[in-house]
Amino acid sequence: MRTPRNDQLSETDRAKGRGHHVPERRCVVTGEVSPAERLVRLALGPDGSIAPDVHGKAPGRGAWIGVNRSDLEASQVKGKLKGGLARALHEGNIAIPDDLGARIEAQLARATLDRLGLESRAGTLISGNDKIEQAARRGQVRLLLHTSDAGEDGRKKLAQAWRVGEDDEGSGREGLVLPVDRGTLSMALGRENAVHLAIVDARAADRVLAHLSRWQFFTGWSRDAANRVSNTASRTSGTGDTSAASAVSDAF
């Protein structure tokens, strides 16, 4: 069976200075071509059903999307998604689940938190305010992460230590806020009260960011939204229960 053009690699772009192919895909909703690592693959099952494949490893034919959940669901309602998939896959008998957006979001969440778990076991991830602050001041932190219900004071203190260690004071550099609360993160990592995390290896930081950026883009998660959630949580009883975190917890 011929592989559709949509699911082939682009030969035109290469990694800078390395001569390696940079995989590119065309979004079936917008028609725009982007690096595959920024997109989400949709796999076609033998029965014509469409399922998310965020790791891009499912067998058979597939197509790609590069839009956020809101735009995806709008295109699904209008029939644009089905039409784009039909053209890309050369298949007219396609069944798209009504909750496709929720399934993609759950898979992206799982992939990101699984990645953090792997880095934890590999020793490239540390937690605990004191450990992170010491590593940050020594210039060892490559990526700083906080849960959505982390206190603003704690976030600012660790960010300041990070800037000092990087000789980057005055830059405004901050850590990234994850779209999950401490309960969900602690469960994913098998640690108690995981609120702040630091990645101390450059390649590990790249691996985590590759997953996190896709998740944040698809959900529309932003620093402003993260700050609103964090500030609200700090004024409550400390349960850290937010709609974003509750949605993610369904994947675990």
# chains A, B, ... in the order shown; residues from 1 in each chain; ligands from 1
$ select_by_dssp --residues "stretch 47-103 of chain A" --states "strand (DSSP E or B)" --output "number ranges by chain"
A: 49-53, 62-65, 95
$ residues_around --residues "A:Ile50" --least-positions-apart "6" --cutoff "10 Å" --atoms "only C-alpha atoms" --output "list in words"
Leu42, Ala43, Leu44, Gly62, Ala63, Lys82, Leu85, Ile94, Ala95, Ile96, Pro97 and Leu100 of chain A
$ closest_atom_pairs --of "stretch 64-130 of chain A" --to "stretch 182-188 of chain A" --cutoff "10 Å" --atoms "only C-alpha atoms" --output "Markdown table"
| residue | atom | partner | partner_atom | distance |
| --- | --- | --- | --- | --- |
| A:Arg110 | CA | A:Ala188 | CA | 8.7 |
| A:Leu113 | CA | A:Ala188 | CA | 6.3 |
| A:Asp114 | CA | A:Ala188 | CA | 7.2 |
| A:Arg115 | CA | A:Ala188 | CA | 10.0 |
| A:Leu116 | CA | A:Ala188 | CA | 8.4 |
| A:Gly117 | CA | A:Ala188 | CA | 6.8 |
$ write_last_selection --atoms "C-alpha atoms" --output "PDB file, in the first residue's frame"
ATOM      1  CA  ARG A 110       1.205  11.242  29.781  1.00  0.00           C
ATOM      2  CA  LEU A 113       5.103  13.223  32.698  1.00  0.00           C
ATOM      3  CA  ASP A 114       6.527   9.874  31.618  1.00  0.00           C
ATOM      4  CA  ARG A 115       9.530  11.759  30.251  1.00  0.00           C
ATOM      5  CA  LEU A 116       9.974  13.495  33.601  1.00  0.00           C
ATOM      6  CA  GLY A 117       9.775  10.120  35.312  1.00  0.00           C
TER       7      GLY A 117
END
$ atom_distance --atom1 "atom CA of A:Gly175" --atom2 "atom CA of A:Leu39"
23.8 Å
$ residues_around --residues "A:Leu178" --least-positions-apart "3" --cutoff "6 Å" --atoms "only C-alpha atoms" --output "JSON, numbers by chain"
{"A": [146, 147, 148]}
$ write_last_selection --atoms "N, CA and C atoms" --output "mmCIF file, in the first residue's frame"
data_model
loop_
_atom_site.group_PDB
_atom_site.id
_atom_site.type_symbol
_atom_site.label_atom_id
_atom_site.label_comp_id
_atom_site.auth_asym_id
_atom_site.auth_seq_id
_atom_site.Cartn_x
_atom_site.Cartn_y
_atom_site.Cartn_z
ATOM 1 N N HIS A 146 7.786 24.239 37.633
ATOM 2 C CA HIS A 146 6.946 24.356 38.818
ATOM 3 C C HIS A 146 5.563 23.797 38.510
ATOM 4 N N THR A 147 4.882 23.301 39.519
ATOM 5 C CA THR A 147 3.496 22.871 39.336
ATOM 6 C C THR A 147 2.590 24.094 39.285
ATOM 7 N N SER A 148 1.372 23.891 38.815
ATOM 8 C CA SER A 148 0.436 25.009 38.666
ATOM 9 C C SER A 148 0.036 25.619 40.004
#
$ closest_residue --among "A:Val28, A:Leu72, A:Ala136, A:Ala88" --to "A:Asp167" --atoms "only C-alpha atoms"
A:Ala136
